Amino acid sequence: IPGGLEPKRDPIFNRRFAQALAGQKLPQPDLWKAWRQIRCPILILRGALSDLLTPVLVDRMLAANPRAKCIEIADAAHNVPADNPAGFI
């Protein structure tokens, strides 16, 4: 997107997503353990309309790592930068 936001994604994500869509069973790492081990400040940007990052899940994330805080972005679902670029910035 010339002069604007450009989505970037880990190529492993694309491969794993394709594998999951193909019905392949993938190992599930314990991401909660990794989440609890993060030692730097964490900012969660949650789209207020997101059905993936629910308020219940955010509460669990905040409880599991005291370095995390959450800001909710109005008029956005899961893809906050695309749904509400002005609110994201």
# chains A, B, ... in the order shown; residues from 1 in each chain; ligands from 1

$ select_by_dssp --residues "chain A" --states "strand (DSSP E)" --output "PyMOL selection string"
chain A and resi 42-47+68-73

$ residues_around --residues "A:Asn79" --least-positions-apart "3" --cutoff "9 Å" --atoms "only C-alpha atoms" --output "mmCIF file with all heavy atoms, in the first residue's frame"
data_model
loop_
_atom_site.group_PDB
_atom_site.id
_atom_site.type_symbol
_atom_site.label_atom_id
_atom_site.label_comp_id
_atom_site.auth_asym_id
_atom_site.auth_seq_id
_atom_site.Cartn_x
_atom_site.Cartn_y
_atom_site.Cartn_z
ATOM 1 N N ARG A 46 -7.179 -4.341 21.609
ATOM 2 C CA ARG A 46 -8.346 -5.174 21.317
ATOM 3 C C ARG A 46 -9.404 -4.381 20.574
ATOM 4 O O ARG A 46 -9.819 -3.316 21.012
ATOM 5 C CB ARG A 46 -8.963 -5.723 22.614
ATOM 6 C CG ARG A 46 -10.179 -6.576 22.348
ATOM 7 C CD ARG A 46 -10.904 -7.020 23.610
ATOM 8 N NE ARG A 46 -12.029 -7.860 23.211
ATOM 9 C CZ ARG A 46 -13.213 -7.385 22.868
ATOM 10 N NH1 ARG A 46 -13.464 -6.096 22.922
ATOM 11 N NH2 ARG A 46 -14.170 -8.224 22.486
ATOM 12 N N GLY A 47 -9.819 -4.895 19.423
ATOM 13 C CA GLY A 47 -10.951 -4.309 18.722
ATOM 14 C C GLY A 47 -12.215 -4.582 19.518
ATOM 15 O O GLY A 47 -12.484 -5.727 19.895
ATOM 16 N N SER A 50 -14.285 -7.455 18.328
ATOM 17 C CA SER A 50 -13.616 -8.734 18.062
ATOM 18 C C SER A 50 -14.347 -9.894 18.723
ATOM 19 O O SER A 50 -14.682 -9.839 19.904
ATOM 20 C CB SER A 50 -12.173 -8.704 18.568
ATOM 21 O OG SER A 50 -11.565 -9.965 18.353
ATOM 22 N N ALA A 76 -13.799 -1.494 15.661
ATOM 23 C CA ALA A 76 -12.847 -2.424 15.069
ATOM 24 C C ALA A 76 -13.139 -3.826 15.587
ATOM 25 O O ALA A 76 -13.525 -4.001 16.737
ATOM 26 C CB ALA A 76 -11.416 -2.030 15.415
ATOM 27 N N ALA A 82 -6.784 -2.520 10.068
ATOM 28 C CA ALA A 82 -7.593 -2.463 8.847
ATOM 29 C C ALA A 82 -9.000 -1.947 9.129
ATOM 30 O O ALA A 82 -9.567 -1.215 8.319
ATOM 31 C CB ALA A 82 -7.668 -3.844 8.197
ATOM 32 N N ASP A 83 -9.560 -2.318 10.271
ATOM 33 C CA ASP A 83 -10.937 -1.932 10.589
ATOM 34 C C ASP A 83 -11.071 -0.478 11.002
ATOM 35 O O ASP A 83 -12.071 0.165 10.705
ATOM 36 C CB ASP A 83 -11.482 -2.814 11.730
ATOM 37 C CG ASP A 83 -11.617 -4.275 11.324
ATOM 38 O OD1 ASP A 83 -11.665 -4.566 10.119
ATOM 39 O OD2 ASP A 83 -11.685 -5.120 12.239
ATOM 40 N N ASN A 84 -10.077 0.029 11.724
ATOM 41 C CA ASN A 84 -10.131 1.408 12.215
ATOM 42 C C ASN A 84 -8.709 1.979 12.263
ATOM 43 O O ASN A 84 -8.119 2.109 13.341
ATOM 44 C CB ASN A 84 -10.778 1.452 13.602
ATOM 45 C CG ASN A 84 -10.983 2.858 14.115
ATOM 46 O OD1 ASN A 84 -10.465 3.815 13.547
ATOM 47 N ND2 ASN A 84 -11.722 3.004 15.194
#

$ atom_distance --atom1 "atom CA of A:Leu31" --atom2 "atom CA of A:Leu53"
14.7 Å

$ residues_around --residues "stretch 41-43 of chain A" --least-positions-apart "5" --cutoff "6 Å" --atoms "only C-alpha atoms" --output "JSON, numbers by chain"
{"A": [67, 68, 69, 70]}

$ residues_around --residues "A:Gly4" --least-positions-apart "3" --cutoff "12 Å" --atoms "only C-alpha atoms" --output "number ranges by chain"
A: 1, 7, 81-82, 85-86, 89

$ write_last_selection --atoms "all heavy atoms" --output "compact mmCIF listing (two decimals), in the first residue's frame"
# COMPACT_ATOMS: atom_id res chain seq x y z
N ILE A 1 0.87 -1.17 0.00
CA ILE A 1 0.00 0.00 0.00
C ILE A 1 0.91 1.23 0.00
O ILE A 1 1.49 1.56 1.04
CB ILE A 1 -0.93 0.01 1.24
CG1 ILE A 1 -1.75 -1.29 1.29
CG2 ILE A 1 -1.83 1.22 1.21
CD1 ILE A 1 -2.53 -1.46 2.55
N PRO A 7 0.46 -4.80 5.57
CA PRO A 7 0.43 -5.95 6.47
C PRO A 7 1.68 -6.81 6.32
O PRO A 7 2.15 -7.04 5.21
CB PRO A 7 -0.82 -6.71 6.06
CG PRO A 7 -1.18 -6.20 4.71
CD PRO A 7 -0.55 -4.87 4.54
N PRO A 81 -5.92 -2.54 12.76
CA PRO A 81 -5.38 -1.56 11.81
C PRO A 81 -6.20 -1.43 10.53
O PRO A 81 -6.31 -0.33 9.98
CB PRO A 81 -3.98 -2.09 11.49
CG PRO A 81 -3.63 -2.97 12.64
CD PRO A 81 -4.93 -3.56 13.10
N ALA A 82 -6.78 -2.52 10.07
CA ALA A 82 -7.59 -2.46 8.85
C ALA A 82 -9.00 -1.95 9.13
O ALA A 82 -9.57 -1.21 8.32
CB ALA A 82 -7.67 -3.84 8.20
N PRO A 85 -8.14 2.32 11.09
CA PRO A 85 -6.77 2.82 11.06
C PRO A 85 -6.55 4.05 11.93
O PRO A 85 -5.55 4.16 12.62
CB PRO A 85 -6.53 3.15 9.57
CG PRO A 85 -7.54 2.35 8.83
CD PRO A 85 -8.73 2.22 9.75
N ALA A 86 -7.50 4.96 11.94
CA ALA A 86 -7.35 6.18 12.75
C ALA A 86 -7.34 5.83 14.24
O ALA A 86 -6.56 6.39 15.01
CB ALA A 86 -8.46 7.18 12.43
N ILE A 89 -3.92 4.28 15.19
CA ILE A 89 -2.80 5.24 15.28
C ILE A 89 -3.02 6.13 16.49
O ILE A 89 -2.22 6.38 17.27
CB ILE A 89 -2.68 6.08 14.00
CG1 ILE A 89 -2.29 5.16 12.84
CG2 ILE A 89 -1.67 7.20 14.16
CD1 ILE A 89 -2.32 5.80 11.49

$ closest_residue --among "A:Arg39, A:Asp10, A:Phe88, A:Glu72" --to "A:Pro55" --atoms "only C-alpha atoms"
A:Glu72

$ select_by_dssp --residues "chain A" --states "alpha helix (DSSP H)" --output "compact mmCIF listing (two decimals) with all heavy atoms, in the first residue's frame"
# COMPACT_ATOMS: atom_id res chain seq x y z
N PRO A 11 6.10 -15.88 7.79
CA PRO A 11 5.79 -16.90 6.79
C PRO A 11 5.39 -18.24 7.39
O PRO A 11 4.65 -19.01 6.78
CB PRO A 11 7.07 -17.02 5.97
CG PRO A 11 8.12 -16.27 6.70
CD PRO A 11 7.44 -15.37 7.68
N ILE A 12 5.85 -18.53 8.61
CA ILE A 12 5.45 -19.77 9.27
C ILE A 12 3.94 -19.76 9.53
O ILE A 12 3.27 -20.78 9.40
CB ILE A 12 6.23 -19.98 10.58
CG1 ILE A 12 7.71 -20.21 10.26
CG2 ILE A 12 5.67 -21.14 11.40
CD1 ILE A 12 8.61 -20.24 11.48
N PHE A 13 3.40 -18.59 9.86
CA PHE A 13 1.96 -18.47 10.08
C PHE A 13 1.20 -18.89 8.82
O PHE A 13 0.24 -19.67 8.90
CB PHE A 13 1.58 -17.04 10.46
CG PHE A 13 0.09 -16.83 10.58
CD1 PHE A 13 -0.55 -17.10 11.76
CD2 PHE A 13 -0.64 -16.38 9.50
CE1 PHE A 13 -1.92 -16.93 11.88
CE2 PHE A 13 -2.01 -16.20 9.60
CZ PHE A 13 -2.65 -16.47 10.80
N ASN A 14 1.62 -18.40 7.66
CA ASN A 14 0.93 -18.75 6.41
C ASN A 14 0.98 -20.25 6.15
O ASN A 14 -0.02 -20.85 5.75
CB ASN A 14 1.55 -17.99 5.23
CG ASN A 14 1.29 -16.51 5.30
OD1 ASN A 14 0.33 -16.06 5.92
ND2 ASN A 14 2.14 -15.72 4.68
N ARG A 15 2.13 -20.87 6.37
CA ARG A 15 2.27 -22.30 6.14
C ARG A 15 1.38 -23.09 7.11
O ARG A 15 0.66 -24.00 6.71
CB ARG A 15 3.73 -22.72 6.28
CG ARG A 15 3.95 -24.19 5.92
CD ARG A 15 5.41 -24.62 6.00
NE ARG A 15 5.81 -24.71 7.40
CZ ARG A 15 6.83 -24.07 7.94
NH1 ARG A 15 7.57 -23.26 7.22
NH2 ARG A 15 7.11 -24.21 9.21
N ARG A 16 1.41 -22.73 8.39
CA ARG A 16 0.61 -23.45 9.39
C ARG A 16 -0.88 -23.25 9.15
O ARG A 16 -1.67 -24.16 9.37
CB ARG A 16 0.99 -23.01 10.79
CG ARG A 16 2.41 -23.34 11.11
CD ARG A 16 2.49 -23.97 12.43
NE ARG A 16 3.89 -24.30 12.69
CZ ARG A 16 4.24 -25.26 13.48
NH1 ARG A 16 3.34 -25.98 14.09
NH2 ARG A 16 5.50 -25.52 13.67
N PHE A 17 -1.26 -22.06 8.73
CA PHE A 17 -2.66 -21.80 8.44
C PHE A 17 -3.13 -22.69 7.29
O PHE A 17 -4.21 -23.29 7.35
CB PHE A 17 -2.87 -20.32 8.12
CG PHE A 17 -4.30 -19.89 8.06
CD1 PHE A 17 -5.07 -19.85 9.21
CD2 PHE A 17 -4.89 -19.55 6.86
CE1 PHE A 17 -6.40 -19.45 9.17
CE2 PHE A 17 -6.22 -19.16 6.81
CZ PHE A 17 -6.97 -19.12 7.96
N ALA A 18 -2.30 -22.80 6.25
CA ALA A 18 -2.64 -23.66 5.11
C ALA A 18 -2.73 -25.12 5.55
O ALA A 18 -3.62 -25.85 5.12
CB ALA A 18 -1.60 -23.50 4.00
N GLN A 19 -1.82 -25.56 6.42
CA GLN A 19 -1.86 -26.93 6.93
C GLN A 19 -3.15 -27.17 7.73
O GLN A 19 -3.78 -28.22 7.59
CB GLN A 19 -0.64 -27.22 7.81
CG GLN A 19 0.66 -27.28 7.04
CD GLN A 19 1.88 -27.34 7.96
OE1 GLN A 19 1.91 -26.70 9.01
NE2 GLN A 19 2.88 -28.10 7.55
N ALA A 20 -3.52 -26.22 8.56
CA ALA A 20 -4.73 -26.36 9.35
C ALA A 20 -5.96 -26.43 8.45
O ALA A 20 -6.87 -27.24 8.68
CB ALA A 20 -4.85 -25.21 10.35
N LEU A 21 -6.00 -25.59 7.42
CA LEU A 21 -7.13 -25.62 6.48
C LEU A 21 -7.20 -26.95 5.75
O LEU A 21 -8.29 -27.40 5.38
CB LEU A 21 -7.02 -24.47 5.48
CG LEU A 21 -7.32 -23.08 6.03
CD1 LEU A 21 -7.09 -22.04 4.95
CD2 LEU A 21 -8.74 -22.99 6.56
N LEU A 31 1.17 -21.85 24.94
CA LEU A 31 1.40 -20.41 24.79
C LEU A 31 1.19 -19.66 26.10
O LEU A 31 1.74 -18.57 26.29
CB LEU A 31 0.51 -19.85 23.68
CG LEU A 31 0.80 -20.42 22.29
CD1 LEU A 31 -0.16 -19.82 21.26
CD2 LEU A 31 2.24 -20.18 21.88
N TRP A 32 0.40 -20.21 27.02
CA TRP A 32 0.21 -19.55 28.32
C TRP A 32 1.52 -19.53 29.09
O TRP A 32 1.84 -18.54 29.75
CB TRP A 32 -0.90 -20.22 29.13
CG TRP A 32 -2.25 -19.87 28.56
CD1 TRP A 32 -3.09 -20.69 27.88
CD2 TRP A 32 -2.88 -18.59 28.59
NE1 TRP A 32 -4.20 -20.01 27.49
CE2 TRP A 32 -4.10 -18.71 27.91
CE3 TRP A 32 -2.53 -17.35 29.13
CZ2 TRP A 32 -4.98 -17.64 27.76
CZ3 TRP A 32 -3.41 -16.28 28.98
CH2 TRP A 32 -4.61 -16.44 28.30
N LYS A 33 2.29 -20.58 29.01
CA LYS A 33 3.60 -20.61 29.67
C LYS A 33 4.49 -19.52 29.09
O LYS A 33 5.11 -18.76 29.83
CB LYS A 33 4.24 -21.98 29.50
CG LYS A 33 5.60 -22.09 30.15
CD LYS A 33 6.20 -23.47 29.95
CE LYS A 33 7.60 -23.51 30.56
NZ LYS A 33 8.25 -24.81 30.32
N ALA A 34 4.53 -19.42 27.77
CA ALA A 34 5.34 -18.38 27.12
C ALA A 34 4.83 -16.99 27.50
O ALA A 34 5.62 -16.08 27.78
CB ALA A 34 5.30 -18.56 25.61
N TRP A 35 3.50 -16.83 27.54
CA TRP A 35 2.89 -15.53 27.90
C TRP A 35 3.33 -15.10 29.30
O TRP A 35 3.68 -13.95 29.53
CB TRP A 35 1.38 -15.64 27.80
CG TRP A 35 0.64 -14.40 28.22
CD1 TRP A 35 -0.02 -14.20 29.38
CD2 TRP A 35 0.52 -13.18 27.48
NE1 TRP A 35 -0.56 -12.94 29.42
CE2 TRP A 35 -0.23 -12.29 28.27
CE3 TRP A 35 0.97 -12.76 26.24
CZ2 TRP A 35 -0.55 -11.01 27.84
CZ3 TRP A 35 0.66 -11.48 25.82
CH2 TRP A 35 -0.10 -10.63 26.61
N ARG A 36 3.30 -16.03 30.24
CA ARG A 36 3.68 -15.71 31.62
C ARG A 36 5.16 -15.35 31.74
O ARG A 36 5.55 -14.65 32.67
CB ARG A 36 3.34 -16.89 32.54
CG ARG A 36 1.86 -17.07 32.78
CD ARG A 36 1.56 -18.13 33.83
NE ARG A 36 2.04 -19.45 33.45
CZ ARG A 36 1.34 -20.34 32.75
NH1 ARG A 36 0.11 -20.04 32.36
NH2 ARG A 36 1.84 -21.52 32.47
N GLN A 37 5.98 -15.81 30.83
CA GLN A 37 7.42 -15.57 30.90
C GLN A 37 7.86 -14.25 30.28
O GLN A 37 9.01 -13.86 30.42
CB GLN A 37 8.18 -16.73 30.24
CG GLN A 37 8.04 -18.02 31.01
CD GLN A 37 8.66 -19.20 30.29
OE1 GLN A 37 8.96 -19.16 29.10
NE2 GLN A 37 8.85 -20.29 31.02
N PRO A 55 -13.45 -10.30 25.69
CA PRO A 55 -13.15 -9.71 27.00
C PRO A 55 -12.74 -10.76 28.03
O PRO A 55 -11.86 -10.51 28.85
CB PRO A 55 -14.47 -9.03 27.39
CG PRO A 55 -15.13 -8.71 26.09
CD PRO A 55 -14.77 -9.86 25.18
N VAL A 56 -13.34 -11.94 27.98
CA VAL A 56 -12.98 -13.02 28.91
C VAL A 56 -11.52 -13.43 28.69
O VAL A 56 -10.77 -13.62 29.66
CB VAL A 56 -13.94 -14.22 28.76
CG1 VAL A 56 -13.45 -15.42 29.54
CG2 VAL A 56 -15.35 -13.83 29.19
N LEU A 57 -11.11 -13.57 27.43
CA LEU A 57 -9.74 -13.96 27.14
C LEU A 57 -8.77 -12.86 27.57
O LEU A 57 -7.72 -13.13 28.15
CB LEU A 57 -9.58 -14.26 25.65
CG LEU A 57 -8.17 -14.64 25.19
CD1 LEU A 57 -7.62 -15.82 25.97
CD2 LEU A 57 -8.17 -14.95 23.70
N VAL A 58 -9.12 -11.60 27.31
CA VAL A 58 -8.26 -10.50 27.74
C VAL A 58 -8.11 -10.50 29.25
O VAL A 58 -7.00 -10.33 29.77
CB VAL A 58 -8.79 -9.14 27.23
CG1 VAL A 58 -8.05 -7.98 27.88
CG2 VAL A 58 -8.65 -9.05 25.72
N ASP A 59 -9.19 -10.71 29.97
CA ASP A 59 -9.10 -10.78 31.44
C ASP A 59 -8.14 -11.88 31.87
O ASP A 59 -7.34 -11.70 32.79
CB ASP A 59 -10.47 -11.02 32.06
CG ASP A 59 -11.37 -9.79 31.98
OD1 ASP A 59 -10.85 -8.68 31.71
OD2 ASP A 59 -12.59 -9.95 32.18
N ARG A 60 -8.22 -13.02 31.21
CA ARG A 60 -7.30 -14.13 31.54
C ARG A 60 -5.85 -13.74 31.23
O ARG A 60 -4.95 -14.05 32.01
CB ARG A 60 -7.71 -15.37 30.74
CG ARG A 60 -6.90 -16.59 31.09
CD ARG A 60 -7.40 -17.83 30.37
NE ARG A 60 -6.50 -18.93 30.63
CZ ARG A 60 -6.46 -20.04 29.93
NH1 ARG A 60 -7.30 -20.22 28.93
NH2 ARG A 60 -5.60 -20.99 30.22
N MET A 61 -5.63 -13.06 30.10
CA MET A 61 -4.28 -12.63 29.73
C MET A 61 -3.73 -11.64 30.76
O MET A 61 -2.57 -11.73 31.17
CB MET A 61 -4.29 -12.00 28.33
CG MET A 61 -4.61 -12.99 27.23
SD MET A 61 -4.88 -12.20 25.64
CE MET A 61 -3.18 -11.81 25.19
N LEU A 62 -4.57 -10.69 31.17
CA LEU A 62 -4.13 -9.69 32.16
C LEU A 62 -3.82 -10.34 33.50
O LEU A 62 -2.86 -9.96 34.17
CB LEU A 62 -5.21 -8.61 32.31
CG LEU A 62 -5.48 -7.75 31.07
CD1 LEU A 62 -6.67 -6.83 31.31
CD2 LEU A 62 -4.25 -6.96 30.64
N ALA A 63 -4.61 -11.33 33.88
CA ALA A 63 -4.38 -12.02 35.15
C ALA A 63 -3.11 -12.86 35.10
O ALA A 63 -2.41 -13.01 36.11
CB ALA A 63 -5.58 -12.90 35.49
N ALA A 64 -2.78 -13.39 33.92
CA ALA A 64 -1.62 -14.28 33.79
C ALA A 64 -0.30 -13.53 33.68
O ALA A 64 0.76 -14.10 33.92
CB ALA A 64 -1.79 -15.19 32.58
N VAL A 80 -7.59 -4.74 13.88
CA VAL A 80 -7.74 -3.33 14.28
C VAL A 80 -7.16 -2.36 13.25
O VAL A 80 -7.84 -1.41 12.86
CB VAL A 80 -7.13 -3.09 15.69
CG1 VAL A 80 -7.14 -1.61 16.04
CG2 VAL A 80 -7.89 -3.90 16.73
N PRO A 81 -5.92 -2.54 12.76
CA PRO A 81 -5.38 -1.56 11.81
C PRO A 81 -6.20 -1.43 10.53
O PRO A 81 -6.31 -0.33 9.98
CB PRO A 81 -3.98 -2.09 11.49
CG PRO A 81 -3.63 -2.97 12.64
CD PRO A 81 -4.93 -3.56 13.10
N ALA A 82 -6.78 -2.52 10.07
CA ALA A 82 -7.59 -2.46 8.85
C ALA A 82 -9.00 -1.95 9.13
O ALA A 82 -9.57 -1.21 8.32
CB ALA A 82 -7.67 -3.84 8.20
N ASP A 83 -9.56 -2.32 10.27
CA ASP A 83 -10.94 -1.93 10.59
C ASP A 83 -11.07 -0.48 11.00
O ASP A 83 -12.07 0.17 10.70
CB ASP A 83 -11.48 -2.81 11.73
CG ASP A 83 -11.62 -4.27 11.32
OD1 ASP A 83 -11.67 -4.57 10.12
OD2 ASP A 83 -11.69 -5.12 12.24
N PRO A 85 -8.14 2.32 11.09
CA PRO A 85 -6.77 2.82 11.06
C PRO A 85 -6.55 4.05 11.93
O PRO A 85 -5.55 4.16 12.62
CB PRO A 85 -6.53 3.15 9.57
CG PRO A 85 -7.54 2.35 8.83
CD PRO A 85 -8.73 2.22 9.75
N ALA A 86 -7.50 4.96 11.94
CA ALA A 86 -7.35 6.18 12.75
C ALA A 86 -7.34 5.83 14.24
O ALA A 86 -6.56 6.39 15.01
CB ALA A 86 -8.46 7.18 12.43
N GLY A 87 -8.18 4.92 14.65
CA GLY A 87 -8.20 4.50 16.04
C GLY A 87 -6.97 3.74 16.44
O GLY A 87 -6.53 3.80 17.58
N PHE A 88 -6.37 3.03 15.48
CA PHE A 88 -5.14 2.29 15.72
C PHE A 88 -3.97 3.24 15.96
O PHE A 88 -3.18 3.04 16.85
CB PHE A 88 -4.85 1.37 14.53
CG PHE A 88 -3.55 0.64 14.62
CD1 PHE A 88 -3.39 -0.39 15.52
CD2 PHE A 88 -2.50 0.98 13.79
CE1 PHE A 88 -2.18 -1.08 15.59
CE2 PHE A 88 -1.29 0.29 13.86
CZ PHE A 88 -1.14 -0.74 14.76

$ atom_distance --atom1 "atom CA of A:Ile44" --atom2 "atom CA of A:Pro66"
12.3 Å

$ atom_distance --atom1 "atom CA of A:Ala77" --atom2 "atom CA of A:Leu52"
8.4 Å

$ decode --residues "stretch 15-25 of chain A" --atoms "all heavy atoms" --output "CSV table (one decimal), in the first residue's frame"
chain,number,residue,atom,x,y,z
A,15,ARG,N,2.1,-20.9,6.4
A,15,ARG,CA,2.3,-22.3,6.1
A,15,ARG,C,1.4,-23.1,7.1
A,15,ARG,O,0.7,-24.0,6.7
A,15,ARG,CB,3.7,-22.7,6.3
A,15,ARG,CG,4.0,-24.2,5.9
A,15,ARG,CD,5.4,-24.6,6.0
A,15,ARG,NE,5.8,-24.7,7.4
A,15,ARG,CZ,6.8,-24.1,7.9
A,15,ARG,NH1,7.6,-23.3,7.2
A,15,ARG,NH2,7.1,-24.2,9.2
A,16,ARG,N,1.4,-22.7,8.4
A,16,ARG,CA,0.6,-23.5,9.4
A,16,ARG,C,-0.9,-23.3,9.2
A,16,ARG,O,-1.7,-24.2,9.4
A,16,ARG,CB,1.0,-23.0,10.8
A,16,ARG,CG,2.4,-23.3,11.1
A,16,ARG,CD,2.5,-24.0,12.4
A,16,ARG,NE,3.9,-24.3,12.7
A,16,ARG,CZ,4.2,-25.3,13.5
A,16,ARG,NH1,3.3,-26.0,14.1
A,16,ARG,NH2,5.5,-25.5,13.7
A,17,PHE,N,-1.3,-22.1,8.7
A,17,PHE,CA,-2.7,-21.8,8.4
A,17,PHE,C,-3.1,-22.7,7.3
A,17,PHE,O,-4.2,-23.3,7.4
A,17,PHE,CB,-2.9,-20.3,8.1
A,17,PHE,CG,-4.3,-19.9,8.1
A,17,PHE,CD1,-5.1,-19.8,9.2
A,17,PHE,CD2,-4.9,-19.6,6.9
A,17,PHE,CE1,-6.4,-19.5,9.2
A,17,PHE,CE2,-6.2,-19.2,6.8
A,17,PHE,CZ,-7.0,-19.1,8.0
A,18,ALA,N,-2.3,-22.8,6.2
A,18,ALA,CA,-2.6,-23.7,5.1
A,18,ALA,C,-2.7,-25.1,5.6
A,18,ALA,O,-3.6,-25.9,5.1
A,18,ALA,CB,-1.6,-23.5,4.0
A,19,GLN,N,-1.8,-25.6,6.4
A,19,GLN,CA,-1.9,-26.9,6.9
A,19,GLN,C,-3.1,-27.2,7.7
A,19,GLN,O,-3.8,-28.2,7.6
A,19,GLN,CB,-0.6,-27.2,7.8
A,19,GLN,CG,0.7,-27.3,7.0
A,19,GLN,CD,1.9,-27.3,8.0
A,19,GLN,OE1,1.9,-26.7,9.0
A,19,GLN,NE2,2.9,-28.1,7.6
A,20,ALA,N,-3.5,-26.2,8.6
A,20,ALA,CA,-4.7,-26.4,9.4
A,20,ALA,C,-6.0,-26.4,8.5
A,20,ALA,O,-6.9,-27.2,8.7
A,20,ALA,CB,-4.9,-25.2,10.3
A,21,LEU,N,-6.0,-25.6,7.4
A,21,LEU,CA,-7.1,-25.6,6.5
A,21,LEU,C,-7.2,-26.9,5.7
A,21,LEU,O,-8.3,-27.4,5.4
A,21,LEU,CB,-7.0,-24.5,5.5
A,21,LEU,CG,-7.3,-23.1,6.0
A,21,LEU,CD1,-7.1,-22.0,5.0
A,21,LEU,CD2,-8.7,-23.0,6.6
A,22,ALA,N,-6.0,-27.6,5.5
A,22,ALA,CA,-6.0,-28.9,4.9
A,22,ALA,C,-6.3,-30.0,5.8
A,22,ALA,O,-6.4,-31.2,5.4
A,22,ALA,CB,-4.6,-29.1,4.2
A,23,GLY,N,-6.6,-29.7,7.1
A,23,GLY,CA,-7.0,-30.7,8.0
A,23,GLY,C,-5.9,-31.4,8.7
A,23,GLY,O,-6.1,-32.4,9.4
A,24,GLN,N,-4.6,-30.9,8.6
A,24,GLN,CA,-3.5,-31.6,9.2
A,24,GLN,C,-3.5,-31.3,10.7
A,24,GLN,O,-3.8,-30.1,11.1
A,24,GLN,CB,-2.2,-31.1,8.6
A,24,GLN,CG,-2.0,-31.5,7.2
A,24,GLN,CD,-0.7,-31.0,6.6
A,24,GLN,OE1,0.2,-30.6,7.3
A,24,GLN,NE2,-0.6,-31.0,5.3
A,25,LYS,N,-3.2,-32.3,11.5
A,25,LYS,CA,-3.1,-32.1,13.0
A,25,LYS,C,-1.7,-31.4,13.2
A,25,LYS,O,-0.7,-31.9,12.8
A,25,LYS,CB,-3.2,-33.4,13.7
A,25,LYS,CG,-4.5,-34.1,13.6
A,25,LYS,CD,-5.6,-33.3,14.4
A,25,LYS,CE,-6.9,-34.1,14.3
A,25,LYS,NZ,-8.0,-33.4,14.9
